[in-house]
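Only one structure is covered here, and it is reproduced in the block below.
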Amino acid sequence: MNYQAILEQIQTDIAPLLGQGRVATYIPALACANPKDFAMTLHLVNGESYHAGLVEKRFSIQSISKVFMYCIALSLFEENIYERVRVEPSGNPFNSLIQLEYENGIPRNPFINPGAIVVADMLTSYFGSSAEESILHYFQNTCDDFTITIDKEIFNSEHNSGYRNYALANLMKSFGNIHNDIEKTLDTYFNACSISANTAQLARSSLHLANNGIDPITANILLNPEHTKRINALMLTCGHYDASGEFAYRVGLPGKSGVGGGIIAIVPNIMSIAVYSPALNVHGNSFAGTKALELFTQYSGHTIF
Ligand code: GLN
């Protein structure tokens with residue numbers, strides 16, 4: 001298949017859509033992004049990679065970090081996670097408080113904010129003051145790229161304006177589902193969200209999720225096959241919050257978005273994909289990025305269904 005030609009076709013098709021939707025502004029530092037930026041990378045398990053657009057451009061991975069935090073937690077805590085975070089789609093926005101109140105502070109899944117905050121709390125308990133560094137190191141390892149850093153400007157901006165996340169953490173603490181100081185746990189969470197990467201690095205970081213947990217380039221075992229299955233299942237059912245059904249319906253792949261404008265998607269046994277475009281739809285998912293992935297599955301025929 002001529003993947004480069006497919007990417008170029010997508011770039012042409014997507015051009016009129018760039019700028020539709022809105023860049024996130026509730027984290028002030030994200031508001032500086034150019035709504036017309038676009039980048040896309042395909043990374044095949046055979047080692048080949050294909051790119052279109054601004055592939056050098058780094059952006060904060062935001063909620064895509066929830067995938068990597070949960071991978072670490074699954075490896076460390078196994079079955080003990082489920083009494084604190086469930087694995088059901090929420091049908092609600094990523095930062096909603098309502099469901100959490102009537103479900104006694106137990107988040108529906110690890111890919112909405114409260115779920116990821118509980119996972120950050122578990123990692124904070126386990127790693128102590130090196131939680132931030134441990135998550136960054138895990139991510140660098142999946143990319144096989146140790147130049148990846150945390151964008152402290154984004155971190156500070158979210159730290160100073162994260163009112164809803166403070167509310168979520170406090171509510172869960174009142175139910176006994178946050179064990180550390182709110183500040184410490186949110187520090188871990190905000191740092192993970194502020195990891196900065198480009199589409200080439202992001203696609204590389206999730207390549208093992210297309211290959212039963214083994215990095216096909218380095219042969220490192222990053223996740224066991226059972227956990228890899230679970231991560232992909234969660235990405236399909238919960239990766240786009242209350243638009244997860246729509247994403248599965250239109251794209252037909254496991255995927256995870258972030259409000260920075262990035263999305264990763266997995267074609268099991270074939271490739272990982274990363275796309276970037278910071279203008280978001282009403283659900284907080286990249287508008288053009290989602291469309292680009294839909295076009296990709298349409299043109300290539302690669303879908304899990
Ligand atoms: N850091 C963001 C927040 O907590 C992540 C949300 C997202 O990417 N959907 O609000």
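All residue names refer to the structure tokens as shown: chains lettered A, B, ... in order, residues numbered from 1 in each chain, ligands numbered from 1 in order.
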*Give me the residues within 7 Å of Leu253 of chain A as JSON, numbers by chain, counting only C-alpha atoms and dropping any in the same chain fewer than 6 places off.*
{"A": [236, 265, 266, 267, 303, 304]}
*Could the residues that lie within 8 Å of ligand 1, counting only C-alpha atoms and all ligand atoms, be listed as an NGL selection string?*
:A and (27 or 61-64 or 94-95 or 112-113 or 158 or 162 or 164-165 or 189-190 or 193-194 or 257-260 or 284-285)
Kindly export the residues of the current selection with N, CA and C atoms, as a JSON list (two decimals), in the first residue's frame.
[["chain", "number", "residue", "atom", "x", "y", "z"],
["A", 27, "ILE", "N", -6.76, 25.97, 29.84],
["A", 27, "ILE", "CA", -5.36, 25.96, 30.27],
["A", 27, "ILE", "C", -4.72, 27.07, 29.43],
["A", 61, "ILE", "N", 1.05, 16.33, 25.38],
["A", 61, "ILE", "CA", 0.24, 15.15, 25.03],
["A", 61, "ILE", "C", -1.05, 15.10, 25.84],
["A", 62, "GLN", "N", -1.12, 15.89, 26.92],
["A", 62, "GLN", "CA", -2.33, 15.98, 27.76],
["A", 62, "GLN", "C", -2.90, 14.59, 28.08],
["A", 63, "SER", "N", -4.16, 14.35, 27.73],
["A", 63, "SER", "CA", -4.80, 13.10, 28.19],
["A", 63, "SER", "C", -4.25, 11.84, 27.55],
["A", 64, "ILE", "N", -3.42, 11.98, 26.52],
["A", 64, "ILE", "CA", -2.81, 10.76, 25.96],
["A", 64, "ILE", "C", -1.90, 10.13, 27.03],
["A", 94, "PHE", "N", -14.93, 14.77, 29.92],
["A", 94, "PHE", "CA", -13.75, 14.25, 30.64],
["A", 94, "PHE", "C", -13.57, 14.85, 32.03],
["A", 95, "ASN", "N", -14.15, 16.06, 32.25],
["A", 95, "ASN", "CA", -13.91, 16.72, 33.54],
["A", 95, "ASN", "C", -15.20, 16.87, 34.35],
["A", 112, "ILE", "N", -10.84, 9.27, 31.81],
["A", 112, "ILE", "CA", -11.42, 10.57, 32.13],
["A", 112, "ILE", "C", -10.57, 11.17, 33.26],
["A", 113, "ASN", "N", -10.68, 12.48, 33.47],
["A", 113, "ASN", "CA", -9.79, 13.11, 34.46],
["A", 113, "ASN", "C", -9.81, 12.45, 35.84],
["A", 158, "GLU", "N", -1.44, 25.01, 33.85],
["A", 158, "GLU", "CA", -2.55, 24.15, 34.31],
["A", 158, "GLU", "C", -2.63, 24.12, 35.83],
["A", 162, "GLY", "N", -6.23, 24.92, 37.29],
["A", 162, "GLY", "CA", -6.88, 23.59, 37.25],
["A", 162, "GLY", "C", -8.02, 23.44, 38.23],
["A", 164, "ARG", "N", -11.23, 22.71, 38.09],
["A", 164, "ARG", "CA", -12.09, 21.51, 38.04],
["A", 164, "ARG", "C", -11.33, 20.28, 38.52],
["A", 165, "ASN", "N", -10.05, 20.19, 38.18],
["A", 165, "ASN", "CA", -9.28, 19.03, 38.64],
["A", 165, "ASN", "C", -9.10, 19.05, 40.16],
["A", 189, "TYR", "N", -0.17, 14.31, 38.23],
["A", 189, "TYR", "CA", -1.11, 14.31, 37.10],
["A", 189, "TYR", "C", -0.78, 15.44, 36.10],
["A", 190, "PHE", "N", -0.59, 16.67, 36.60],
["A", 190, "PHE", "CA", -0.33, 17.81, 35.69],
["A", 190, "PHE", "C", 1.01, 17.62, 34.97],
["A", 193, "CYS", "N", 0.49, 15.20, 32.09],
["A", 193, "CYS", "CA", -0.24, 15.85, 30.99],
["A", 193, "CYS", "C", 0.67, 16.80, 30.19],
["A", 194, "SER", "N", 1.72, 17.30, 30.84],
["A", 194, "SER", "CA", 2.59, 18.32, 30.21],
["A", 194, "SER", "C", 3.78, 17.71, 29.47],
["A", 257, "SER", "N", -7.33, 10.60, 22.75],
["A", 257, "SER", "CA", -7.12, 12.01, 22.40],
["A", 257, "SER", "C", -6.58, 12.79, 23.60],
["A", 258, "GLY", "N", -6.12, 13.99, 23.34],
["A", 258, "GLY", "CA", -5.74, 14.94, 24.39],
["A", 258, "GLY", "C", -6.15, 16.34, 23.99],
["A", 259, "VAL", "N", -6.41, 17.21, 24.97],
["A", 259, "VAL", "CA", -6.85, 18.58, 24.62],
["A", 259, "VAL", "C", -5.73, 19.43, 24.01],
["A", 260, "GLY", "N", -4.52, 18.91, 23.99],
["A", 260, "GLY", "CA", -3.44, 19.60, 23.27],
["A", 260, "GLY", "C", -3.64, 19.49, 21.77],
["A", 284, "GLY", "N", -13.83, 18.06, 23.10],
["A", 284, "GLY", "CA", -12.43, 18.24, 23.51],
["A", 284, "GLY", "C", -11.47, 17.35, 22.73],
["A", 285, "ASN", "N", -11.91, 16.85, 21.57],
["A", 285, "ASN", "CA", -11.06, 16.01, 20.73],
["A", 285, "ASN", "C", -10.71, 16.78, 19.45]]
*asked:* Can you pull out every residue from segment 26-262 of chain A that DSSP, working from the backbone, puts in alpha helix (DSSP H), and format the result as a PyMOL selection string?
replied: chain A and resi 65-77+98-102+113-127+131-143+152-161+163-174+182-193+199-205+225-238+244-250
*Do you know which residues are at most 7 Å from segment 75-89 of chain A counting only C-alpha atoms, after dropping those on the same chain fewer than 5 positions away, and could you put them as a list in words?*
Ile106, Pro107, Arg108, Asn109, Pro110, Gly115, Asn177, Thr237 and Cys238 of chain A
_Interatomic distance, atom CA of Pro216 of chain A to atom CA of Asp145 of chain A (Å, one decimal)_ =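 Straight-line distance from atom CA of Pro216 of chain A to atom CA of Asp145 of chain A works out to 14.9 Å.
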_Residues within 12 Å of Asn2 of chain A, only C-alpha atoms, excluding chain neighbours under 5 positions, as a ChimeraX atom specification_ = /A:7-9,42,48-50,296,299-300
Write out the residues from the selection above, keeping C-alpha atoms, as a PDB file, in the first residue's frame.
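result13.pdb, written as the output of this step:
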ATOM      1  CA  LEU A   7      -1.182  10.729   3.847  1.00  0.00           C
ATOM      2  CA  GLU A   8      -0.806  13.349   1.118  1.00  0.00           C
ATOM      3  CA  GLN A   9      -4.389  12.797  -0.002  1.00  0.00           C
ATOM      4  CA  LEU A  42       2.163   6.345  10.618  1.00  0.00           C
ATOM      5  CA  GLU A  48       8.824   1.955   8.333  1.00  0.00           C
ATOM      6  CA  SER A  49       7.345   5.366   9.109  1.00  0.00           C
ATOM      7  CA  TYR A  50       5.496   7.931   7.009  1.00  0.00           C
ATOM      8  CA  PHE A 296      -7.218   7.045   6.838  1.00  0.00           C
ATOM      9  CA  TYR A 299      -8.625   4.952   2.246  1.00  0.00           C
ATOM     10  CA  SER A 300      -6.509   2.143   3.695  1.00  0.00           C
TER      11      SER A 300
END
Write down as a PDB file with N, CA and C atoms, in the first residue's frame the residues of segment 53-250 of chain A whose backbone DSSP state falls under strand (DSSP E).
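After the write, out_15.pdb holds the following:
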ATOM      1  N   GLY A  53       2.886  16.944   7.098  1.00  0.00           N
ATOM      2  CA  GLY A  53       2.693  18.156   7.908  1.00  0.00           C
ATOM      3  C   GLY A  53       3.847  18.431   8.857  1.00  0.00           C
ATOM      4  N   PHE A  59       4.055  19.218  21.069  1.00  0.00           N
ATOM      5  CA  PHE A  59       2.864  19.750  21.751  1.00  0.00           C
ATOM      6  C   PHE A  59       2.666  18.918  22.999  1.00  0.00           C
ATOM      7  N   SER A  60       1.869  19.421  23.944  1.00  0.00           N
ATOM      8  CA  SER A  60       1.703  18.635  25.173  1.00  0.00           C
ATOM      9  C   SER A  60       0.695  17.523  24.914  1.00  0.00           C
ATOM     10  N   THR A 149      10.806  15.755  27.075  1.00  0.00           N
ATOM     11  CA  THR A 149      10.780  16.470  28.363  1.00  0.00           C
ATOM     12  C   THR A 149       9.345  16.859  28.744  1.00  0.00           C
ATOM     13  N   ILE A 150       9.236  17.393  29.953  1.00  0.00           N
ATOM     14  CA  ILE A 150       7.961  17.943  30.420  1.00  0.00           C
ATOM     15  C   ILE A 150       8.001  19.446  30.161  1.00  0.00           C
ATOM     16  N   ILE A 195       3.839  16.396  29.382  1.00  0.00           N
ATOM     17  CA  ILE A 195       4.895  15.767  28.560  1.00  0.00           C
ATOM     18  C   ILE A 195       4.710  16.265  27.128  1.00  0.00           C
ATOM     19  N   SER A 196       5.822  16.628  26.503  1.00  0.00           N
ATOM     20  CA  SER A 196       5.767  17.273  25.199  1.00  0.00           C
ATOM     21  C   SER A 196       6.391  16.354  24.141  1.00  0.00           C
ATOM     22  N   ALA A 197       5.664  16.123  23.051  1.00  0.00           N
ATOM     23  CA  ALA A 197       6.189  15.231  22.000  1.00  0.00           C
ATOM     24  C   ALA A 197       5.591  15.629  20.655  1.00  0.00           C
TER      25      ALA A 197
END
Leaving out Leu44 of chain A and any residue of its chain fewer than 3 positions from it, which residues lie within 9 Å of it when counting only C-alpha atoms, given as a compact mmCIF listing (two decimals) with N, CA, C and O atoms, in the first residue's frame?
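Final output, selection-v7.txt:
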# COMPACT_ATOMS: atom_id res chain seq x y z
N GLY A 47 8.87 -1.26 11.08
CA GLY A 47 9.92 -0.25 11.24
C GLY A 47 9.77 0.95 10.32
O GLY A 47 10.36 2.01 10.57
N GLU A 48 8.98 0.81 9.25
CA GLU A 48 8.82 1.96 8.33
C GLU A 48 7.98 3.03 8.99
O GLU A 48 7.09 2.72 9.79
N SER A 49 8.25 4.31 8.65
CA SER A 49 7.34 5.37 9.11
C SER A 49 7.10 6.38 7.99
O SER A 49 7.94 6.55 7.10
N TYR A 50 5.93 6.98 8.03
CA TYR A 50 5.50 7.93 7.01
C TYR A 50 4.93 9.16 7.71
O TYR A 50 4.27 9.03 8.75
N LEU A 207 3.74 2.24 19.50
CA LEU A 207 3.94 1.15 18.53
C LEU A 207 3.78 -0.22 19.20
O LEU A 207 3.23 -1.15 18.60
N ALA A 210 0.47 -1.89 19.21
CA ALA A 210 0.05 -2.57 17.98
C ALA A 210 0.75 -3.92 17.84
O ALA A 210 0.56 -4.63 16.86
N ASN A 269 -1.36 -5.21 15.09
CA ASN A 269 -0.43 -6.01 14.26
C ASN A 269 0.09 -5.28 13.03
O ASN A 269 0.88 -5.85 12.27
N ILE A 270 -0.33 -4.06 12.81
CA ILE A 270 0.11 -3.36 11.59
C ILE A 270 0.84 -2.05 11.90
O ILE A 270 1.97 -1.85 11.47
N MET A 271 0.21 -1.16 12.66
CA MET A 271 0.86 0.14 12.87
C MET A 271 0.23 0.93 14.02
O MET A 271 -0.86 0.61 14.47
N SER A 272 0.98 1.95 14.45
CA SER A 272 0.40 2.97 15.33
C SER A 272 0.37 4.27 14.54
O SER A 272 1.16 4.46 13.60
N ILE A 273 -0.56 5.14 14.92
CA ILE A 273 -0.75 6.41 14.20
C ILE A 273 -0.79 7.53 15.23
O ILE A 273 -1.36 7.35 16.32
*Between A:Asn211, A:Asn191, A:Asn170, A:Asn160, which is the closest to Ala29 of chain A once you count only C-alpha atoms?*
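So, comparing all the options, the nearest one is A:Asn160.
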*Extract, using only C-alpha atoms, all DNA, RNA and protein residues at most 12 Å from Leu54 of chain A, discarding same-chain residues fewer than 6 positions from it, and format them as a count of residues only.*
15
*For atom CA of Leu30 of chain A and atom CA of Ala243 of chain A, quote the distance in Å rounded to one decimal.*
21.5 Å
*Find the residues near segment 70-74 of chain A: any atom within 9 Å, counting only C-alpha atoms, skip ones fewer than 2 places away on the same chain, and give them as an MDAnalysis selection string.*
chainID A and resid 65:68 76:81 110:111 116 119:120 122:123 135 138 222:223 227:228 231
_Here is a test: counting only C-alpha atoms, which residue of A:Ala24, A:Met172, A:Ala233, A:Ile178 is nearest to Glu101 of chain A?_
A:Met172
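The smallest atom-to-atom distance between Tyr249 of chain A and any of A:Gln140, A:Ser157, A:Thr290, A:Gln99, using only C-alpha atoms, is found for A:Thr290.
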